[in-house]
>>> print(open('input-v2.tsv').read())   # TSV, C-alpha atoms and all ligand atoms
chain	number	residue	atom	x	y	z
E	278	MET	CA	96.77	68.75	2.54
E	279	THR	CA	94.03	67.33	0.34
E	280	ASP	CA	92.04	70.11	-1.35
E	281	LEU	CA	88.55	69.10	-0.20
E	282	ARG	CA	86.94	71.10	-3.02
E	283	SER	CA	88.43	68.62	-5.49
E	284	VAL	CA	86.91	65.62	-3.68
E	285	THR	CA	83.62	64.43	-5.19
E	286	ILE	CA	80.96	63.37	-2.71
E	287	LEU	CA	77.80	61.71	-3.99
E	288	ILE	CA	74.47	62.03	-2.19
E	289	PRO	CA	72.03	59.48	-3.59
E	290	GLY	CA	68.42	60.10	-2.51
E	291	LYS	CA	67.24	62.37	0.28
E	292	LEU	CA	69.56	63.54	3.04
E	293	HIS	CA	69.17	66.09	5.85
E	294	GLY	CA	69.43	69.62	4.38
E	295	HIS	CA	72.17	70.67	6.79
E	296	SER	CA	74.42	67.80	5.62
E	297	VAL	CA	73.70	68.68	1.99
E	298	ALA	CA	74.53	72.37	2.54
E	299	ARG	CA	77.78	71.64	4.39
E	300	ILE	CA	78.89	69.10	1.78
E	301	ARG	CA	78.09	71.61	-0.98
E	302	ASP	CA	80.18	74.26	0.83
E	303	THR	CA	83.15	71.97	1.47
E	304	PHE	CA	83.39	69.37	-1.29
E	305	ASN	CA	82.41	68.89	-4.93
E	306	LEU	CA	78.82	67.71	-4.45
E	307	VAL	CA	76.93	65.49	-6.89
E	308	GLU	CA	73.35	64.37	-6.19
E	309	LEU	CA	71.30	61.46	-7.53
E	310	ASP	CA	67.52	61.11	-7.33
E	311	ARG	CA	67.72	57.83	-5.51
E	312	ILE	CA	70.07	55.03	-4.46
E	313	ASP	CA	70.30	53.16	-7.73
E	314	PRO	CA	73.52	52.04	-9.47
E	315	ALA	CA	71.74	52.36	-12.84
E	316	LEU	CA	71.82	56.15	-12.37
E	317	ILE	CA	75.62	56.29	-12.03
E	318	GLY	CA	77.11	57.59	-15.31
E	319	GLU	CA	80.67	57.01	-16.55
E	320	GLU	CA	81.97	60.35	-15.33
E	321	LEU	CA	80.65	59.76	-11.82
E	322	LYS	CA	82.10	56.27	-11.75
E	323	ALA	CA	85.57	57.73	-12.18
E	324	SER	CA	85.25	60.65	-9.78
E	325	VAL	CA	83.24	59.69	-6.66
E	326	ARG	CA	85.39	59.19	-3.55
E	327	GLY	CA	82.72	59.50	-0.88
E	328	VAL	CA	79.02	58.81	-0.43
E	329	ALA	CA	76.74	60.41	2.17
E	330	ALA	CA	73.35	58.79	2.51
E	331	SER	CA	70.33	58.05	4.61
E	332	PRO	CA	69.17	54.73	3.16
E	333	ALA	CA	66.31	54.54	5.67
E	334	ILE	CA	64.73	57.75	4.32
E	335	GLY	CA	65.69	57.56	0.64
E	336	GLY	CA	64.80	53.91	0.10
E	337	GLY	CA	67.25	51.56	-1.56
E	338	MET	CA	70.41	50.07	-0.10
E	339	ILE	CA	74.03	51.10	-0.28
E	340	ASP	CA	74.80	47.54	-1.21
E	341	ARG	CA	77.53	45.69	-3.03
E	342	ALA	CA	76.07	46.60	-6.46
E	343	PHE	CA	76.00	50.30	-5.60
E	344	MET	CA	79.47	50.44	-4.02
E	345	SER	CA	81.18	48.33	-6.66
E	346	ALA	CA	79.86	50.70	-9.34
E	347	LEU	CA	82.15	53.33	-7.76
E	348	PRO	CA	85.75	52.06	-8.07
E	349	GLY	CA	87.26	55.15	-6.39
E	350	LEU	CA	84.95	54.93	-3.36
E	351	GLU	CA	86.73	55.36	-0.01
E	352	ILE	CA	83.99	56.15	2.49
E	353	VAL	CA	80.23	55.85	3.02
E	354	ALA	CA	78.95	58.26	5.67
E	355	ASN	CA	75.62	56.91	6.92
E	356	PHE	CA	73.04	59.23	8.51
E	357	GLY	CA	71.83	57.27	11.54
E	358	VAL	CA	73.35	55.06	14.19
E	359	GLY	CA	71.73	52.01	12.59
E	360	TYR	CA	73.52	51.15	9.36
E	361	ASP	CA	71.47	48.22	8.14
E	362	GLY	CA	71.01	50.18	4.89
E	363	VAL	CA	74.71	49.77	4.10
E	364	ASP	CA	76.51	46.50	3.42
E	365	ALA	CA	79.27	47.32	5.90
E	366	ARG	CA	80.79	43.87	5.81
E	367	TRP	CA	81.33	44.06	2.05
E	368	ALA	CA	82.69	47.60	2.46
E	369	GLY	CA	85.18	46.50	5.12
E	370	GLU	CA	86.38	43.61	2.96
E	371	HIS	CA	86.92	46.02	0.04
E	372	GLY	CA	88.76	48.79	1.87
E	373	VAL	CA	85.77	51.15	2.10
E	374	VAL	CA	85.16	52.89	5.45
E	375	VAL	CA	81.58	53.15	6.73
E	376	THR	CA	80.70	55.69	9.41
E	377	ASN	CA	77.48	56.12	11.41
E	378	THR	CA	76.16	58.70	13.89
E	379	PRO	CA	76.35	57.25	17.40
E	380	ASP	CA	76.24	59.17	20.70
E	381	VAL	CA	74.65	62.37	19.37
E	382	LEU	CA	71.20	60.70	19.33
E	383	THR	CA	71.49	58.44	22.38
E	384	GLU	CA	69.63	60.56	24.93
E	385	GLU	CA	66.93	61.65	22.45
E	386	VAL	CA	66.10	58.08	21.44
E	387	ALA	CA	66.11	56.98	25.10
E	388	ASP	CA	63.71	59.83	25.95
E	389	THR	CA	61.40	58.74	23.13
E	390	ALA	CA	61.52	55.11	24.24
E	391	VAL	CA	60.49	55.98	27.77
E	392	GLY	CA	57.73	58.29	26.50
E	393	LEU	CA	56.45	55.52	24.24
E	394	LEU	CA	56.48	53.02	27.10
E	395	ILE	CA	54.57	55.33	29.43
E	396	ASN	CA	52.10	56.17	26.69
E	397	THR	CA	51.56	52.48	26.00
E	398	VAL	CA	50.76	51.54	29.58
E	399	ARG	CA	48.91	54.72	30.62
E	400	GLU	CA	47.06	55.28	27.29
E	401	LEU	CA	47.93	58.98	27.11
E	402	THR	CA	47.11	59.35	23.42
E	403	LYS	CA	43.69	57.79	23.91
E	404	ALA	CA	43.06	59.85	27.04
E	405	GLU	CA	43.82	63.03	25.13
E	406	ALA	CA	41.46	61.99	22.34
E	407	TRP	CA	38.79	61.44	25.02
E	408	LEU	CA	39.22	65.07	26.16
E	409	ARG	CA	39.35	66.51	22.63
E	410	ASP	CA	36.29	64.53	21.54
E	411	GLY	CA	34.27	66.12	24.36
E	412	ARG	CA	33.86	62.83	26.18
E	413	TRP	CA	35.23	64.16	29.49
E	414	LYS	CA	32.25	66.55	29.64
E	415	ARG	CA	29.81	64.11	28.13
E	416	ASP	CA	30.80	60.78	29.69
E	417	GLY	CA	32.96	61.74	32.67
E	418	ASN	CA	36.43	60.59	33.58
E	419	TYR	CA	38.59	58.53	31.24
E	420	PRO	CA	38.49	54.89	32.41
E	421	LEU	CA	41.26	53.76	34.76
E	422	THR	CA	44.05	52.09	32.78
E	423	PRO	CA	44.45	48.38	33.36
E	424	LEU	CA	48.21	48.75	32.83
E	425	THR	CA	50.77	50.70	34.82
E	426	LEU	CA	54.53	51.08	34.97
E	427	ARG	CA	54.39	50.35	38.69
E	428	ASP	CA	55.86	47.00	39.79
E	429	ARG	CA	57.04	46.19	36.30
E	430	LYS	CA	60.25	44.35	35.53
E	431	VAL	CA	62.04	45.62	32.46
E	432	GLY	CA	64.09	43.62	29.98
E	433	ILE	CA	66.26	45.42	27.44
E	434	PHE	CA	67.09	43.65	24.18
E	435	GLY	CA	70.31	45.28	22.94
E	436	MET	CA	72.46	46.78	25.69
E	437	GLY	CA	74.43	49.31	23.64
E	438	ARG	CA	74.62	53.03	24.29
E	439	ILE	CA	70.89	53.61	23.78
E	440	GLY	CA	69.90	50.50	25.74
E	441	LEU	CA	71.99	51.71	28.66
E	442	ALA	CA	70.47	55.22	28.51
E	443	ILE	CA	66.98	53.67	28.62
E	444	ALA	CA	68.00	51.36	31.48
E	445	LYS	CA	69.33	54.29	33.53
E	446	ARG	CA	66.11	56.22	33.07
E	447	LEU	CA	63.93	53.26	34.05
E	448	GLU	CA	66.18	52.46	37.00
E	449	ALA	CA	65.51	55.99	38.22
E	450	PHE	CA	61.78	55.16	37.89
E	451	GLY	CA	62.35	52.42	40.48
E	452	LEU	CA	62.13	49.46	38.09
E	453	PRO	CA	64.47	46.44	38.10
E	454	ILE	CA	66.40	45.96	34.84
E	455	ALA	CA	67.62	42.84	33.05
E	456	TYR	CA	68.99	42.50	29.54
E	457	HIS	CA	69.91	40.29	26.62
E	458	ASN	CA	72.73	41.16	24.28
E	459	ARG	CA	75.08	39.30	21.94
E	460	ARG	CA	77.40	39.15	24.92
E	461	GLN	CA	77.36	40.19	28.55
E	462	VAL	CA	78.50	43.77	29.08
E	463	GLU	CA	81.48	43.91	31.44
E	464	GLY	CA	81.02	45.87	34.61
E	465	LEU	CA	77.24	46.15	34.25
E	466	ASP	CA	75.22	45.06	37.28
E	467	TYR	CA	71.91	44.37	35.52
E	468	ALA	CA	70.92	40.69	35.29
E	469	TYR	CA	72.13	39.19	32.01
E	470	HIS	CA	70.17	36.51	30.10
E	471	ASP	CA	71.96	34.68	27.33
E	472	THR	CA	68.75	34.08	25.38
E	473	LEU	CA	65.98	36.50	24.46
E	474	GLU	CA	63.35	33.96	25.46
E	475	GLY	CA	65.01	33.62	28.87
E	476	LEU	CA	64.93	37.40	29.30
E	477	ALA	CA	61.28	37.57	28.21
E	478	SER	CA	60.22	34.96	30.75
E	479	ALA	CA	62.03	36.82	33.56
E	480	VAL	CA	60.33	40.20	32.86
E	481	ASP	CA	56.94	41.63	31.85
E	482	THR	CA	58.18	44.62	29.87
E	483	LEU	CA	60.47	44.11	26.90
E	484	VAL	CA	62.15	47.09	25.24
E	485	SER	CA	63.95	46.29	21.99
E	486	VAL	CA	66.84	48.50	20.94
E	487	ALA	CA	68.47	45.78	18.86
E	488	PRO	CA	70.06	46.66	15.51
E	489	GLY	CA	68.76	45.16	12.27
E	490	THR	CA	71.21	42.38	11.42
E	491	PRO	CA	70.77	38.86	10.02
E	492	ALA	CA	71.22	37.56	13.60
E	493	THR	CA	68.35	39.68	15.01
E	494	ALA	CA	65.88	39.12	12.12
E	495	LYS	CA	62.44	38.26	13.59
E	496	ALA	CA	64.12	37.52	16.95
E	497	VAL	CA	61.01	38.77	18.76
E	498	ASN	CA	58.82	35.85	17.70
E	499	ALA	CA	55.79	33.93	18.99
E	500	LYS	CA	57.87	32.06	21.61
E	501	VAL	CA	59.40	35.23	23.01
E	502	LEU	CA	56.00	36.95	23.16
E	503	SER	CA	54.44	33.98	24.87
E	504	ALA	CA	57.31	33.99	27.41
E	505	LEU	CA	56.62	37.69	28.07
E	506	GLY	CA	53.12	36.72	29.15
E	507	PRO	CA	49.60	38.19	29.45
E	508	ASP	CA	50.72	41.32	31.37
E	509	GLY	CA	53.48	41.77	28.86
E	510	VAL	CA	54.27	45.08	27.20
E	511	PHE	CA	56.57	45.21	24.20
E	512	VAL	CA	58.26	48.42	23.04
E	513	ASN	CA	60.37	48.65	19.90
E	514	ILE	CA	62.65	51.64	19.25
E	515	GLY	CA	65.34	49.69	17.35
E	516	ARG	CA	64.47	48.11	14.01
E	517	GLY	CA	61.22	46.59	12.76
E	518	SER	CA	63.11	43.72	11.15
E	519	THR	CA	63.81	42.31	14.63
E	520	VAL	CA	60.11	41.48	15.09
E	521	ASP	CA	57.88	38.84	13.56
E	522	GLU	CA	55.06	41.34	13.03
E	523	ALA	CA	52.44	38.71	12.20
E	524	ALA	CA	53.23	36.91	15.47
E	525	LEU	CA	53.09	40.22	17.34
E	526	ALA	CA	49.68	41.11	15.87
E	527	ALA	CA	48.37	37.66	16.84
E	528	ALA	CA	49.81	37.94	20.37
E	529	LEU	CA	48.13	41.33	20.82
E	530	SER	CA	44.76	40.13	19.61
E	531	ASP	CA	44.59	36.83	21.54
E	532	GLY	CA	45.88	38.21	24.86
E	533	THR	CA	49.26	36.48	24.74
E	534	ILE	CA	50.67	39.93	25.63
E	535	ALA	CA	48.84	43.06	26.84
E	536	ALA	CA	50.10	45.92	24.66
E	537	ALA	CA	52.84	47.20	22.36
E	538	GLY	CA	54.43	50.56	21.61
E	539	LEU	CA	56.20	50.63	18.25
E	540	ASP	CA	58.33	53.34	16.66
E	541	VAL	CA	59.76	51.12	13.93
E	542	PHE	CA	58.36	48.64	11.42
E	543	ALA	CA	59.68	45.98	9.09
E	544	ASP	CA	58.62	47.73	5.87
E	545	GLU	CA	58.45	51.45	6.62
E	546	PRO	CA	56.36	53.47	5.97
E	547	ASN	CA	53.96	50.54	5.58
E	548	VAL	CA	52.41	49.45	8.87
E	549	PRO	CA	50.56	46.12	8.95
E	550	GLN	CA	46.79	46.64	9.08
E	551	ALA	CA	46.49	44.23	12.02
E	552	LEU	CA	48.74	46.48	14.12
E	553	LEU	CA	46.78	49.58	13.04
E	554	ASP	CA	43.50	47.88	13.95
E	555	ALA	CA	44.66	46.58	17.33
E	556	PRO	CA	43.28	48.71	20.21
E	557	ASN	CA	46.28	47.92	22.40
E	558	THR	CA	49.06	49.46	20.30
E	559	VAL	CA	50.68	52.88	20.30
E	560	LEU	CA	52.25	53.45	16.88
E	561	LEU	CA	54.77	56.15	15.99
E	562	PRO	CA	56.24	56.97	12.55
E	563	HIS	CA	59.93	56.30	13.39
E	564	VAL	CA	60.49	59.48	15.39
E	565	GLY	CA	63.03	58.18	17.93
E	566	SER	CA	65.72	60.73	17.06
E	567	ALA	CA	63.48	63.13	15.15
E	568	SER	CA	63.95	66.51	16.84
E	569	GLU	CA	65.52	69.40	14.94
E	570	TYR	CA	68.24	69.54	17.62
E	571	THR	CA	69.30	65.91	17.36
E	572	ARG	CA	68.88	65.52	13.60
E	573	ARG	CA	71.15	68.57	13.10
E	574	ALA	CA	73.81	67.00	15.32
E	575	MET	CA	73.53	63.78	13.29
E	576	ALA	CA	73.78	65.79	10.05
E	577	ASP	CA	76.95	67.47	11.36
E	578	LEU	CA	78.53	64.15	12.29
E	579	VAL	CA	77.93	62.77	8.77
E	580	VAL	CA	79.91	65.67	7.30
E	581	ASP	CA	82.54	65.77	10.06
E	582	ASN	CA	83.33	62.13	9.27
E	583	LEU	CA	83.93	63.00	5.60
E	584	ILE	CA	86.11	65.98	6.53
E	585	ALA	CA	88.11	63.90	9.04
E	586	TRP	CA	88.67	61.14	6.47
E	587	PHE	CA	89.69	63.30	3.54
E	588	GLY	CA	91.52	65.85	5.73
E	589	LYS	CA	93.30	63.65	8.27
E	590	GLY	CA	92.90	60.09	7.00
E	591	LYS	CA	90.93	59.01	10.06
E	592	PRO	CA	87.14	58.84	10.36
E	593	LEU	CA	85.55	59.94	13.65
E	594	THR	CA	83.01	57.15	14.07
E	595	PRO	CA	83.74	54.14	11.84
E	596	VAL	CA	81.49	51.10	12.30
E	597	ALA	CA	83.02	47.91	13.70
E	598	GLU	CA	83.05	46.07	10.35
E	599	THR	CA	85.33	48.72	8.82
E	600	ALA	CA	87.32	49.82	11.87
E	601	SER	CA	90.51	48.27	10.51
E	602	VAL	CA	90.39	49.85	7.03
E	603	PRO	CA	93.79	51.58	6.84
E	604	ALA	CA	94.12	55.35	6.52
E	605	ARG	CA	94.80	56.61	3.00
E	606	HIS	CA	95.47	60.29	3.47
E	607	THR	CA	98.31	61.02	5.83
E	608	ASP	CA	99.53	64.27	4.24
L	1	LIG	C1	66.77	57.82	11.98
L	1	LIG	C2	67.59	55.76	13.17
L	1	LIG	O1	65.39	57.85	11.90
L	1	LIG	O2	69.75	56.43	13.74
L	1	LIG	C3	69.02	55.52	13.39
L	1	LIG	O3	69.44	54.37	13.25
L	1	LIG	O4	66.83	54.88	12.98
L	1	LIG	C4	67.05	57.13	13.24
L	1	LIG	O5	67.78	57.94	14.08
L	1	LIG	C5	67.20	57.29	10.69
L	1	LIG	O6	68.54	57.03	10.64
L	1	LIG	C6	66.86	58.30	9.63
L	1	LIG	O7	67.14	57.85	8.41
>>> encode(input="input-v2.tsv", output="structure tokens")
Amino acid sequence: MTDLRSVTILIPGKLHGHSVARIRDTFNLVELDRIDPALIGEELKASVRGVAASPAIGGGMIDRAFMSALPGLEIVANFGVGYDGVDARWAGEHGVVVTNTPDVLTEEVADTAVGLLINTVRELTKAEAWLRDGRWKRDGNYPLTPLTLRDRKVGIFGMGRIGLAIAKRLEAFGLPIAYHNRRQVEGLDYAYHDTLEGLASAVDTLVSVAPGTPATAKAVNAKVLSALGPDGVFVNIGRGSTVDEAALAAALSDGTIAAAGLDVFADEPNVPQALLDAPNTVLLPHVGSASEYTRRAMADLVVDNLIAWFGKGKPLTPVAETASVPARHTD
């Protein structure tokens, strides 16, 4: 059995406190201020076998430069289901396993997506401000909302685990569901569209759950928004990089679409001023999975992946790009 205490795990930048505590209790923990290969000294270079990181929070990328500065690196445990902060393809090609945190956040993110959609069409945040500002007493009832969830047709961009959980919820709300994905999902009855523009023109409510990859970069563009149409509502719970934010701001201001609910942005925590100024947006600071309950489960899965790899030679949740990296510890 590998003595886990002798295995050095590096945490560059900020990571959930529960992951940090469990790694400290189990492994030989080393921390760096941020994700930056320039901070890796000679001693670390020789000893680090695993990295645990949350690139989305800490800033910086676990990229080729960072990983190749660690010749003994075997595994990168990413906090989050989205692993666009890690160059997983490079890792897979160089025998480094990358793990993420799927499943444990699926229902939470789906709940948030539905809440964001309802808030966007029924203006709940603005209605509450009306009450708190004393306008209910002073001016009477909050105006009727021009938008509703009733009679909407929903399109889901990205039919993975979270997309499906959102679809199931909205199906229970009585709404028809269609989707666009890299490929059609076998055994799924929802209408499949092989282009995003095709999906957008068939629905009036587009929910993006797509991961941030080169293929999805700015996929939600002016054409897609125009296909969604003047009653269109766009909700993004996936990655900001999938949206052309300038085109979205223009579409919201000139009536190309009706409203947007956004939990993610291209350059977090910076939110384009045009989206902040638009009266028809609901904007959240990337809180899709951000409950104590779910973040703790994600933090556990980060550490459980490291323990499974160094203890049994098999990670629990490797990402597709590194699924075929062979086991190294079979003792
Ligand atoms: C987290 C997320 O906010 O899992 C993801 O991909 O975007 C969120 O759950 C993020 O990972 C925190 O860094």
>>> residues_around(input="input-v2.tsv", residues="E:Asp428", least_positions_apart="2", cutoff="10 Å", atoms="only C-alpha atoms", output="JSON, numbers by chain")
{"E": [425, 426, 430, 431, 451, 452, 453, 481]}
>>> closest_residue(input="input-v2.tsv", among="E:Ala406, E:Val580, E:Val307, E:Val386", to="ligand LIG 1 (chain L)", atoms="only C-alpha atoms and all ligand atoms")
E:Val386
>>> closest_residue(input="input-v2.tsv", among="E:Ile439, E:Thr490, E:Ala499, E:Leu408", to="E:Asp364", atoms="all atoms listed in the file")
E:Thr490
>>> closest_residue(input="input-v2.tsv", among="E:Arg605, E:Arg446, E:Arg326, E:Arg573", to="ligand LIG 1 (chain L)", atoms="only C-alpha atoms and all ligand atoms")
E:Arg573
>>> axis_aligned_box(input="input-v2.tsv", around="ligand LIG 1 (chain L)", padding_each_side="8 Å", output="AutoDock Vina command-line options")
--center_x 67.6 --center_y 56.3 --center_z 11.2 --size_x 20.4 --size_y 19.9 --size_z 21.7
>>> residues_near_point(input="input-v2.tsv", point="(77.3, 72.7, 7.9)", cutoff="12 Å", atoms="only C-alpha atoms", output="list in words")
His293, Gly294, His295, Ser296, Val297, Ala298, Arg299, Ile300, Arg301, Asp302, Thr303, Phe304, Arg573, Ala574, Met575, Ala576, Asp577, Leu578, Val579, Val580, Asp581, Leu583 and Ile584 of chain E
>>> closest_atom_pairs(input="input-v2.tsv", of="chain E", to="ligand LIG 1 (chain L)", cutoff="9 Å", atoms="all atoms listed in the file", output="CSV")
residue,atom,partner,partner_atom,distance
E:Leu292,CA,L:LIG1,O7,8.2
E:His293,CA,L:LIG1,O7,8.9
E:Ala330,CA,L:LIG1,O7,8.6
E:Ser331,CA,L:LIG1,O7,5.0
E:Pro332,CA,L:LIG1,O7,6.4
E:Ala333,CA,L:LIG1,O7,4.4
E:Ile334,CA,L:LIG1,O7,4.7
E:Gly335,CA,L:LIG1,O7,7.9
E:Asn355,CA,L:LIG1,O6,8.0
E:Phe356,CA,L:LIG1,O6,5.4
E:Gly357,CA,L:LIG1,O2,3.1
E:Val358,CA,L:LIG1,O2,3.9
E:Gly359,CA,L:LIG1,O3,3.4
E:Tyr360,CA,L:LIG1,O3,6.5
E:Asp361,CA,L:LIG1,O3,8.2
E:Asn377,CA,L:LIG1,O2,8.1
E:Thr378,CA,L:LIG1,O2,6.8
E:Pro379,CA,L:LIG1,O2,7.6
E:Leu382,CA,L:LIG1,O5,6.8
E:Val386,CA,L:LIG1,O5,7.6
E:Pro488,CA,L:LIG1,O3,8.1
E:Ile514,CA,L:LIG1,O4,8.2
E:Gly515,CA,L:LIG1,O4,6.9
E:Arg516,CA,L:LIG1,O4,7.2
E:Val541,CA,L:LIG1,O4,8.1
E:His563,CA,L:LIG1,O1,5.9
E:Val564,CA,L:LIG1,O1,6.2
E:Gly565,CA,L:LIG1,O5,6.1
E:Ser566,CA,L:LIG1,O5,4.6
E:Ala567,CA,L:LIG1,O1,6.5
E:Thr571,CA,L:LIG1,O5,8.8
E:Arg572,CA,L:LIG1,O5,7.7
E:Met575,CA,L:LIG1,O5,8.2
>>> atom_distance(input="input-v2.tsv", atom1="atom CA of E:Thr376", atom2="atom CA of E:Gly337")
17.8 Å
>>> closest_residue(input="input-v2.tsv", among="E:Thr482, E:Ser530, E:Ser518, E:Thr594", to="E:Glu545", atoms="only C-alpha atoms")
E:Ser518
>>> atom_distance(input="input-v2.tsv", atom1="atom CA of E:Arg282", atom2="atom CA of E:Gly369")
26.0 Å
>>> residues_around(input="input-v2.tsv", residues="E:Pro423", least_positions_apart="6", cutoff="12 Å", atoms="all atoms listed in the file", output="PyMOL selection string")
chain E and resi 397-400+508+535-536+557
>>> closest_residue(input="input-v2.tsv", among="E:Ile312, E:Leu401, E:Ala329, E:Val374", to="E:Ser601", atoms="only C-alpha atoms")
E:Val374
>>> residues_around(input="input-v2.tsv", residues="E:Val480", least_positions_apart="5", cutoff="10 Å", atoms="all atoms listed in the file", output="ChimeraX atom specification")
/E:429-433,453-456,475,504-506,508-510
>>> residues_around(input="input-v2.tsv", residues="E:Asp466", least_positions_apart="2", cutoff="12 Å", atoms="all atoms listed in the file", output="count of residues only")
14
>>> residues_around(input="input-v2.tsv", residues="E:Arg366", least_positions_apart="4", cutoff="10 Å", atoms="all atoms listed in the file", output="PDB file with C-alpha atoms, in the coordinates of the input")
ATOM      1  CA  ASP E 340      74.800  47.540  -1.210  1.00  0.00           C
ATOM      2  CA  ARG E 341      77.530  45.690  -3.030  1.00  0.00           C
ATOM      3  CA  GLU E 370      86.380  43.610   2.960  1.00  0.00           C
ATOM      4  CA  HIS E 371      86.920  46.020   0.040  1.00  0.00           C
ATOM      5  CA  VAL E 373      85.770  51.150   2.100  1.00  0.00           C
ATOM      6  CA  VAL E 375      81.580  53.150   6.730  1.00  0.00           C
ATOM      7  CA  VAL E 596      81.490  51.100  12.300  1.00  0.00           C
ATOM      8  CA  ALA E 597      83.020  47.910  13.700  1.00  0.00           C
ATOM      9  CA  GLU E 598      83.050  46.070  10.350  1.00  0.00           C
ATOM     10  CA  THR E 599      85.330  48.720   8.820  1.00  0.00           C
TER      11      THR E 599
END
>>> closest_residue(input="input-v2.tsv", among="E:Glu320, E:Glu351, E:Asp540, E:Asp280", to="E:Ala390", atoms="all atoms listed in the file")
E:Asp540
>>> atom_distance(input="input-v2.tsv", atom1="atom CA of E:Asp544", atom2="atom CA of E:Thr519")
11.5 Å
>>> build_atoms(input="input-v2.tsv", residues="stretch 517-528 of chain E", atoms="N, CA, C and O atoms", output="PDB file, in the frame of the given file")
ATOM      1  N   GLY E 517      62.396  47.434  12.952  1.00  0.00           N
ATOM      2  CA  GLY E 517      61.220  46.590  12.760  1.00  0.00           C
ATOM      3  C   GLY E 517      61.578  45.180  12.321  1.00  0.00           C
ATOM      4  O   GLY E 517      60.839  44.226  12.607  1.00  0.00           O
ATOM      5  N   SER E 518      62.718  45.039  11.652  1.00  0.00           N
ATOM      6  CA  SER E 518      63.110  43.720  11.150  1.00  0.00           C
ATOM      7  C   SER E 518      63.356  42.725  12.282  1.00  0.00           C
ATOM      8  O   SER E 518      63.389  41.525  12.051  1.00  0.00           O
ATOM      9  N   THR E 519      63.529  43.216  13.516  1.00  0.00           N
ATOM     10  CA  THR E 519      63.810  42.310  14.630  1.00  0.00           C
ATOM     11  C   THR E 519      62.550  41.628  15.162  1.00  0.00           C
ATOM     12  O   THR E 519      62.628  40.817  16.073  1.00  0.00           O
ATOM     13  N   VAL E 520      61.389  41.999  14.581  1.00  0.00           N
ATOM     14  CA  VAL E 520      60.110  41.480  15.090  1.00  0.00           C
ATOM     15  C   VAL E 520      59.381  40.677  14.022  1.00  0.00           C
ATOM     16  O   VAL E 520      59.319  41.089  12.859  1.00  0.00           O
ATOM     17  N   ASP E 521      58.818  39.554  14.416  1.00  0.00           N
ATOM     18  CA  ASP E 521      57.880  38.840  13.560  1.00  0.00           C
ATOM     19  C   ASP E 521      56.533  39.543  13.741  1.00  0.00           C
ATOM     20  O   ASP E 521      55.803  39.303  14.702  1.00  0.00           O
ATOM     21  N   GLU E 522      56.224  40.462  12.825  1.00  0.00           N
ATOM     22  CA  GLU E 522      55.060  41.340  13.030  1.00  0.00           C
ATOM     23  C   GLU E 522      53.740  40.574  13.011  1.00  0.00           C
ATOM     24  O   GLU E 522      52.790  40.956  13.698  1.00  0.00           O
ATOM     25  N   ALA E 523      53.672  39.505  12.223  1.00  0.00           N
ATOM     26  CA  ALA E 523      52.440  38.710  12.200  1.00  0.00           C
ATOM     27  C   ALA E 523      52.227  38.049  13.561  1.00  0.00           C
ATOM     28  O   ALA E 523      51.108  38.038  14.111  1.00  0.00           O
ATOM     29  N   ALA E 524      53.320  37.532  14.139  1.00  0.00           N
ATOM     30  CA  ALA E 524      53.230  36.910  15.470  1.00  0.00           C
ATOM     31  C   ALA E 524      52.867  37.943  16.520  1.00  0.00           C
ATOM     32  O   ALA E 524      52.091  37.669  17.446  1.00  0.00           O
ATOM     33  N   LEU E 525      53.405  39.154  16.374  1.00  0.00           N
ATOM     34  CA  LEU E 525      53.090  40.220  17.340  1.00  0.00           C
ATOM     35  C   LEU E 525      51.611  40.597  17.260  1.00  0.00           C
ATOM     36  O   LEU E 525      50.933  40.721  18.291  1.00  0.00           O
ATOM     37  N   ALA E 526      51.101  40.753  16.037  1.00  0.00           N
ATOM     38  CA  ALA E 526      49.680  41.110  15.870  1.00  0.00           C
ATOM     39  C   ALA E 526      48.793  40.026  16.484  1.00  0.00           C
ATOM     40  O   ALA E 526      47.805  40.330  17.181  1.00  0.00           O
ATOM     41  N   ALA E 527      49.158  38.766  16.271  1.00  0.00           N
ATOM     42  CA  ALA E 527      48.370  37.660  16.840  1.00  0.00           C
ATOM     43  C   ALA E 527      48.433  37.701  18.364  1.00  0.00           C
ATOM     44  O   ALA E 527      47.410  37.557  19.050  1.00  0.00           O
ATOM     45  N   ALA E 528      49.633  37.920  18.906  1.00  0.00           N
ATOM     46  CA  ALA E 528      49.810  37.940  20.370  1.00  0.00           C
ATOM     47  C   ALA E 528      49.010  39.078  21.002  1.00  0.00           C
ATOM     48  O   ALA E 528      48.504  38.949  22.123  1.00  0.00           O
TER      49      ALA E 528
END
